[in-house]
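S.K.: I am sharing upload27.pdb, which consists of PDB, C-alpha atoms:
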ATOM      1  CA  MET S 185     -22.661  -5.002  14.580
ATOM      2  CA  LEU S 186     -20.957  -6.109  11.396
ATOM      3  CA  PRO S 187     -17.789  -4.257  10.338
ATOM      4  CA  LYS S 188     -18.008  -1.594   7.639
ATOM      5  CA  ILE S 189     -17.244  -3.000   4.202
ATOM      6  CA  GLU S 190     -14.460  -0.450   3.598
ATOM      7  CA  LYS S 191     -12.512  -1.958   6.499
ATOM      8  CA  ILE S 192     -12.750  -5.561   5.322
ATOM      9  CA  LYS S 193     -12.535  -5.342   1.529
ATOM     10  CA  GLY S 194     -11.021  -8.536   0.169
ATOM     11  CA  VAL S 195     -12.084 -10.714   3.116
ATOM     12  CA  HIS S 196     -14.180 -13.730   2.194
ATOM     13  CA  PRO S 197     -17.808 -13.148   3.234
ATOM     14  CA  GLY S 198     -17.850 -16.550   4.904
ATOM     15  CA  ALA S 199     -15.260 -15.394   7.450
ATOM     16  CA  VAL S 200     -17.480 -12.442   8.348
ATOM     17  CA  LEU S 201     -20.583 -14.651   8.494
ATOM     18  CA  ARG S 202     -18.827 -17.228  10.698
ATOM     19  CA  ARG S 203     -17.657 -14.501  13.089
ATOM     20  CA  GLU S 204     -21.103 -12.901  13.223
ATOM     21  CA  LEU S 205     -22.893 -16.177  13.916
ATOM     22  CA  LYS S 206     -20.422 -16.940  16.696
ATOM     23  CA  ARG S 207     -20.817 -13.439  18.139
ATOM     24  CA  ARG S 208     -24.606 -13.848  18.186
ATOM     25  CA  GLY S 209     -24.423 -17.412  19.542
ATOM     26  CA  ILE S 210     -26.236 -18.853  16.534
ATOM     27  CA  GLU S 211     -25.470 -22.383  15.411
ATOM     28  CA  SER S 212     -24.646 -22.628  11.714
ATOM     29  CA  LYS S 213     -26.960 -25.587  11.051
ATOM     30  CA  GLN S 214     -29.987 -23.958  12.687
ATOM     31  CA  PHE S 215     -29.267 -20.697  10.904
ATOM     32  CA  ALA S 216     -29.123 -22.447   7.521
ATOM     33  CA  LEU S 217     -32.437 -24.201   8.134
ATOM     34  CA  SER S 218     -34.071 -20.914   9.196
ATOM     35  CA  LEU S 219     -33.005 -19.462   5.832
ATOM     36  CA  GLY S 220     -34.347 -22.446   3.909
ATOM     37  CA  GLU S 221     -30.782 -23.362   2.883
ATOM     38  CA  TYR S 222     -28.884 -26.605   3.255
ATOM     39  CA  PRO S 223     -26.548 -26.615   6.270
ATOM     40  CA  GLN S 224     -23.748 -27.741   3.929
ATOM     41  CA  THR S 225     -24.168 -24.528   1.926
ATOM     42  CA  ILE S 226     -23.718 -22.240   4.932
ATOM     43  CA  ASN S 227     -20.885 -24.446   6.212
ATOM     44  CA  ALA S 228     -19.064 -24.231   2.858
ATOM     45  CA  ILE S 229     -19.506 -20.454   2.771
ATOM     46  CA  SER S 230     -18.296 -20.130   6.360
ATOM     47  CA  LYS S 231     -15.148 -22.066   5.487
ATOM     48  CA  GLY S 232     -14.483 -19.987   2.372
ATOM     49  CA  ARG S 233     -15.069 -22.863  -0.054
ATOM     50  CA  ARG S 234     -18.148 -21.302  -1.620
ATOM     51  CA  GLY S 235     -19.305 -17.783  -2.468
ATOM     52  CA  VAL S 236     -22.430 -15.824  -1.644
ATOM     53  CA  ASN S 237     -24.856 -15.227  -4.517
ATOM     54  CA  PRO S 238     -27.250 -12.230  -4.607
ATOM     55  CA  ALA S 239     -30.292 -14.278  -3.510
ATOM     56  CA  LEU S 240     -28.464 -15.605  -0.473
ATOM     57  CA  SER S 241     -27.137 -12.135   0.326
ATOM     58  CA  ILE S 242     -30.726 -10.913   0.539
ATOM     59  CA  LYS S 243     -31.682 -13.821   2.834
ATOM     60  CA  LEU S 244     -28.644 -13.148   5.042
ATOM     61  CA  GLY S 245     -29.493  -9.464   5.167
ATOM     62  CA  HIS S 246     -33.043 -10.139   6.307
ATOM     63  CA  ALA S 247     -31.991 -12.763   8.855
ATOM     64  CA  LEU S 248     -29.208 -10.628  10.352
ATOM     65  CA  ASN S 249     -31.096  -7.342  10.063
ATOM     66  CA  ILE S 250     -28.509  -5.689   7.814
ATOM     67  CA  ASP S 251     -28.463  -4.326   4.260
ATOM     68  CA  ASP S 252     -29.453  -6.962   1.724
ATOM     69  CA  GLU S 253     -26.387  -6.249  -0.421
ATOM     70  CA  TYR S 254     -23.817  -6.461   2.406
ATOM     71  CA  PHE S 255     -22.640 -10.010   1.701
ATOM     72  CA  ALA S 256     -22.951  -9.617  -2.091
ATOM     73  CA  LEU S 257     -20.647  -6.583  -1.914
ATOM     74  CA  LEU S 258     -18.213  -8.474   0.278
ATOM     75  CA  GLN S 259     -18.250 -11.294  -2.269
ATOM     76  CA  ALA S 260     -17.584  -8.863  -5.113
ATOM     77  CA  TYR S 261     -14.648  -7.266  -3.268
ATOM     78  CA  TYR S 262     -13.284 -10.706  -2.416
ATOM     79  CA  ASP S 263     -13.550 -11.844  -6.052
ATOM     80  CA  ILE S 264     -11.806  -8.685  -7.253
ATOM     81  CA  GLU S 265      -8.975  -9.136  -4.754
ATOM     82  CA  LYS S 266      -8.600 -12.787  -5.740
ATOM     83  CA  GLU S 267      -8.442 -11.826  -9.429
ATOM     84  CA  ARG S 268      -5.956  -9.053  -8.653
ATOM     85  CA  LYS S 269      -3.644 -11.615  -7.041
ATOM     86  CA  ILE S 270      -3.919 -13.890 -10.080
ATOM     87  CA  LEU S 271      -3.116 -11.021 -12.436
ATOM     88  CA  LEU S 272      -0.174 -10.028 -10.261
ATOM     89  CA  GLU S 273       1.189 -13.569 -10.435
ATOM     90  CA  ASN S 274       0.829 -13.537 -14.221
ATOM     91  CA  GLN S 275       2.049  -9.988 -14.716
ATOM     92  CA  ILE S 276       4.374  -9.025 -17.490
ATOM     93  CA  LYS S 277       7.970  -9.732 -16.564
ATOM     94  CA  PRO S 278      11.251  -9.046 -18.253
ATOM     95  CA  ASN S 279      12.895 -11.938 -20.044
ATOM     96  CA  LEU S 280      14.176 -13.784 -16.978
ATOM     97  CA  THR S 281      16.529 -15.918 -19.065
ATOM     98  CA  LYS S 282      18.618 -12.753 -19.523
ATOM     99  CA  ILE S 283      18.831 -12.029 -15.789
ATOM    100  CA  ARG S 284      20.931 -14.087 -13.407
ATOM    101  CA  LYS S 285      18.952 -15.338 -10.417
ATOM    102  CA  ILE S 286      21.919 -14.645  -8.154
ATOM    103  CA  LEU S 287      21.246 -10.898  -8.530
ATOM    104  CA  PHE S 288      18.099 -11.474  -6.513
ATOM    105  CA  TRP S 289      19.670 -13.733  -3.901
ATOM    106  CA  ASP S 290      17.342 -12.436  -1.205
ATOM    107  CA  THR S 291      14.042 -13.225  -2.936
ATOM    108  CA  ASP S 292      12.404 -15.609  -5.383
ATOM    109  CA  ILE S 293      12.884 -13.951  -8.790
ATOM    110  CA  ASN S 294       9.631 -15.511 -10.020
ATOM    111  CA  LYS S 295       7.611 -13.783  -7.293
ATOM    112  CA  ILE S 296       8.946 -10.261  -7.755
ATOM    113  CA  ASP S 297       6.364  -7.552  -8.382
ATOM    114  CA  TRP S 298       8.214  -5.890 -11.263
ATOM    115  CA  GLN S 299       6.117  -2.726 -11.128
ATOM    116  CA  LYS S 300       5.904  -2.194  -7.398
ATOM    117  CA  HIS S 301       9.638  -2.710  -6.856
ATOM    118  CA  LYS S 302      10.998  -1.178 -10.063
ATOM    119  CA  LYS S 303      13.174   1.380  -8.251
ATOM    120  CA  ALA S 304      14.995  -1.324  -6.271
ATOM    121  CA  ILE S 305      15.231  -3.600  -9.316
ATOM    122  CA  ILE S 306      16.679  -0.894 -11.535
ATOM    123  CA  ARG S 307      19.168   0.086  -8.856
ATOM    124  CA  ARG S 308      20.285  -3.490  -8.296
ATOM    125  CA  ILE S 309      20.680  -4.225 -12.003
ATOM    126  CA  PHE S 310      22.621  -1.009 -12.637
ATOM    127  CA  GLU S 311      24.883  -1.641  -9.634
ATOM    128  CA  ARG S 312      25.523  -5.345 -10.163
ATOM    129  CA  GLY S 313      24.199  -6.356 -13.563
ATOM    130  CA  ASN S 314      26.074  -7.291 -16.692
ATOM    131  CA  ASP S 315      25.573  -5.941 -20.210
ATOM    132  CA  SER S 316      22.602  -8.138 -21.179
ATOM    133  CA  GLU S 317      20.847  -7.640 -17.813
ATOM    134  CA  ILE S 318      21.083  -3.870 -17.995
ATOM    135  CA  LYS S 319      19.881  -3.852 -21.604
ATOM    136  CA  GLU S 320      16.951  -6.118 -20.696
ATOM    137  CA  ILE S 321      15.842  -3.848 -17.845
ATOM    138  CA  ILE S 322      16.094  -0.778 -20.085
ATOM    139  CA  ALA S 323      14.040  -2.560 -22.763
ATOM    140  CA  PHE S 324      11.486  -3.741 -20.185
ATOM    141  CA  TYR S 325      10.883  -0.430 -18.378
ATOM    142  CA  GLY S 326      11.877   1.975 -21.148
ATOM    143  CA  ASP S 327      14.542   4.693 -21.134
ATOM    144  CA  GLU S 328      12.361   7.373 -19.528
ATOM    145  CA  THR S 329      11.289   5.244 -16.583
ATOM    146  CA  VAL S 330      14.813   3.949 -15.937
ATOM    147  CA  ILE S 331      16.292   7.460 -16.078
ATOM    148  CA  ARG S 332      13.587   8.852 -13.774
ATOM    149  CA  GLU S 333      14.135   6.073 -11.228
ATOM    150  CA  LEU S 334      17.942   6.265 -11.381
ATOM    151  CA  LYS S 335      17.828   9.979 -10.597
ATOM    152  CA  THR S 336      16.038   9.249  -7.313
ATOM    153  CA  VAL S 337      17.977   6.270  -5.931
ATOM    154  CA  PRO S 338      20.859   6.609  -3.483
ATOM    155  CA  GLN S 339      24.149   5.623  -5.082
ATOM    156  CA  PHE S 340      26.249   3.383  -2.924
ATOM    157  CA  LEU S 341      28.216   1.598  -5.626
ATOM    158  CA  PRO S 342      30.119   3.577  -8.281
ATOM    159  CA  ALA S 343      28.986   1.079 -10.935
ATOM    160  CA  LEU S 344      25.496   2.597 -10.855
ATOM    161  CA  SER S 345      26.707   6.003 -12.137
ATOM    162  CA  ALA S 346      29.116   4.427 -14.578
ATOM    163  CA  ASN S 347      26.419   2.195 -16.062
ATOM    164  CA  ALA S 348      23.896   5.052 -16.226
ATOM    165  CA  GLU S 349      26.384   7.037 -18.264
ATOM    166  CA  LYS S 350      27.435   4.074 -20.418
ATOM    167  CA  TYR S 351      23.967   2.751 -21.281
ATOM    168  CA  LEU S 352      21.782   5.859 -21.064
ATOM    169  CA  GLY S 353      24.240   8.697 -21.590
ATOM    170  CA  ILE S 354      23.236  10.443 -18.356
ATOM    171  CA  SER S 355      25.368  11.715 -15.535
ATOM    172  CA  LEU S 356      24.196  10.954 -12.033
ATOM    173  CA  THR S 357      27.020  12.830 -10.370
ATOM    174  CA  ARG S 358      25.687  14.495  -7.248
ATOM    175  CA  THR S 359      26.678  14.825  -3.659
ATOM    176  CA  ASN S 360      25.803  11.621  -1.904
ATOM    177  CA  ASP S 361      27.914  12.096   1.174
ATOM    178  CA  SER S 362      24.805  11.651   3.325
ATOM    179  CA  HIS S 363      24.665   8.020   2.191
ATOM    180  CA  ARG S 364      28.310   7.201   2.872
ATOM    181  CA  THR S 365      29.928   6.315   6.148
ATOM    182  CA  THR S 366      33.313   7.687   7.014
TER     183      THR S 366
END
With the file now loaded, output its structure as structure tokens.
M.R.:
Amino acid sequence: MLPKIEKIKGVHPGAVLRRELKRRGIESKQFALSLGEYPQTINAISKGRRGVNPALSIKLGHALNIDDEYFALLQAYYDIEKERKILLENQIKPNLTKIRKILFWDTDINKIDWQKHKKAIIRRIFERGNDSEIKEIIAFYGDETVIRELKTVPQFLPALSANAEKYLGISLTRTNDSHRTT
């Protein structure tokens, strides 16, 4: 029984096909010939070097006694996930020439997901950043987003509150004794 699509979204259909053929004890070459396909085609799909088109999805569905669209849907989910990764790599970033790489000593600054990790980024910049870095982060995220995030982060370094007041005119004074060690 093939896994439900919801559980394997983003997986290349060839990986699922390869696993299923192995599970059923079917040799890839014989399977390809039974479909009227070249063995190289099924081999390339199984290794993730080629995609599944709708016509082949129908053939696979008939041969494996599953829904005709199963492999086409897997291909679509895989293509979407692949595109999502490309977009994430090319996402909008702040002007990195205004931010010292040393602030992000523990990661590659070029691989940061600036939306997913905005709370940590804002905190780090407001705790350790200089004038141009703080201004760049405020310009990148916008005042409202920065203020909202700053109000929710634990304050370990006093510079965070001081910079919030200096650059945004807000006071973050609150009891943070739960975050301090005595």
S.K.: Using the chain letters and numbering of this document, enumerate as a compact mmCIF listing (two decimals) with C-alpha atoms, in the coordinates of the input the residues selected by the PyMOL selection byres ((chain S and resi 202) around 12).
M.R.:
# COMPACT_ATOMS: atom_id res chain seq x y z
CA LEU S 186 -20.96 -6.11 11.40
CA HIS S 196 -14.18 -13.73 2.19
CA PRO S 197 -17.81 -13.15 3.23
CA GLY S 198 -17.85 -16.55 4.90
CA ALA S 199 -15.26 -15.39 7.45
CA VAL S 200 -17.48 -12.44 8.35
CA LEU S 201 -20.58 -14.65 8.49
CA ARG S 203 -17.66 -14.50 13.09
CA GLU S 204 -21.10 -12.90 13.22
CA LEU S 205 -22.89 -16.18 13.92
CA LYS S 206 -20.42 -16.94 16.70
CA ARG S 207 -20.82 -13.44 18.14
CA ARG S 208 -24.61 -13.85 18.19
CA GLY S 209 -24.42 -17.41 19.54
CA ILE S 210 -26.24 -18.85 16.53
CA GLU S 211 -25.47 -22.38 15.41
CA SER S 212 -24.65 -22.63 11.71
CA LYS S 213 -26.96 -25.59 11.05
CA PHE S 215 -29.27 -20.70 10.90
CA ALA S 216 -29.12 -22.45 7.52
CA ILE S 226 -23.72 -22.24 4.93
CA ASN S 227 -20.88 -24.45 6.21
CA ALA S 228 -19.06 -24.23 2.86
CA ILE S 229 -19.51 -20.45 2.77
CA SER S 230 -18.30 -20.13 6.36
CA LYS S 231 -15.15 -22.07 5.49
CA GLY S 232 -14.48 -19.99 2.37
S.K.: Considering all atoms listed in the file, state which residue in the set S:Ile276, S:Leu258, S:Leu356, S:Ile283 is at the smallest distance from Asp315 (chain S).
M.R.: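 Among the listed residues, the smallest separation from Asp315 (chain S) belongs to S:Ile283.
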S.K.: What does the distance between CA of Gly245 (chain S) and CA of Ile192 (chain S) come to in Å, to one decimal place?
M.R.: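 A separation of 17.2 Å between them.
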S.K.: Rounded to one decimal place, report the CA of Arg284 (chain S)-CA of Thr329 (chain S) distance in Å.
M.R.: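 These atoms are spaced 21.8 Å apart.
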S.K.: What is the distance between CA of Ala260 (chain S) and CA of Lys243 (chain S), in Å to one decimal?
M.R.: 16.9 Å
S.K.: Could you state which residues are captured by the PyMOL selection byres ((chain S and resi 346) around 12) in this file, as a PyMOL selection string?
M.R.: chain S and resi 310-313+334+339+341-345+347-357
S.K.: Mind writing the picked residues with C-alpha atoms as an mmCIF file, in the coordinates of the input?
M.R.:
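Okay, out39.cif is ready:
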data_model
loop_
_atom_site.group_PDB
_atom_site.id
_atom_site.type_symbol
_atom_site.label_atom_id
_atom_site.label_comp_id
_atom_site.auth_asym_id
_atom_site.auth_seq_id
_atom_site.Cartn_x
_atom_site.Cartn_y
_atom_site.Cartn_z
ATOM 1 C CA PHE S 310 22.621 -1.009 -12.637
ATOM 2 C CA GLU S 311 24.883 -1.641 -9.634
ATOM 3 C CA ARG S 312 25.523 -5.345 -10.163
ATOM 4 C CA GLY S 313 24.199 -6.356 -13.563
ATOM 5 C CA LEU S 334 17.942 6.265 -11.381
ATOM 6 C CA GLN S 339 24.149 5.623 -5.082
ATOM 7 C CA LEU S 341 28.216 1.598 -5.626
ATOM 8 C CA PRO S 342 30.119 3.577 -8.281
ATOM 9 C CA ALA S 343 28.986 1.079 -10.935
ATOM 10 C CA LEU S 344 25.496 2.597 -10.855
ATOM 11 C CA SER S 345 26.707 6.003 -12.137
ATOM 12 C CA ASN S 347 26.419 2.195 -16.062
ATOM 13 C CA ALA S 348 23.896 5.052 -16.226
ATOM 14 C CA GLU S 349 26.384 7.037 -18.264
ATOM 15 C CA LYS S 350 27.435 4.074 -20.418
ATOM 16 C CA TYR S 351 23.967 2.751 -21.281
ATOM 17 C CA LEU S 352 21.782 5.859 -21.064
ATOM 18 C CA GLY S 353 24.240 8.697 -21.590
ATOM 19 C CA ILE S 354 23.236 10.443 -18.356
ATOM 20 C CA SER S 355 25.368 11.715 -15.535
ATOM 21 C CA LEU S 356 24.196 10.954 -12.033
ATOM 22 C CA THR S 357 27.020 12.830 -10.370
#
S.K.: Which is closest to Gly194 (chain S) among S:Glu267, S:Asp327, S:Glu221, S:Asp252, if we use only C-alpha atoms?
M.R.: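 That would be S:Glu267, the residue with the smallest distance to Gly194 (chain S).
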S.K.: Which one of S:Arg233, S:Lys295, S:Lys303, S:Lys319 sits closest to Lys282 (chain S) if you count all atoms listed in the file?
M.R.: S:Lys319
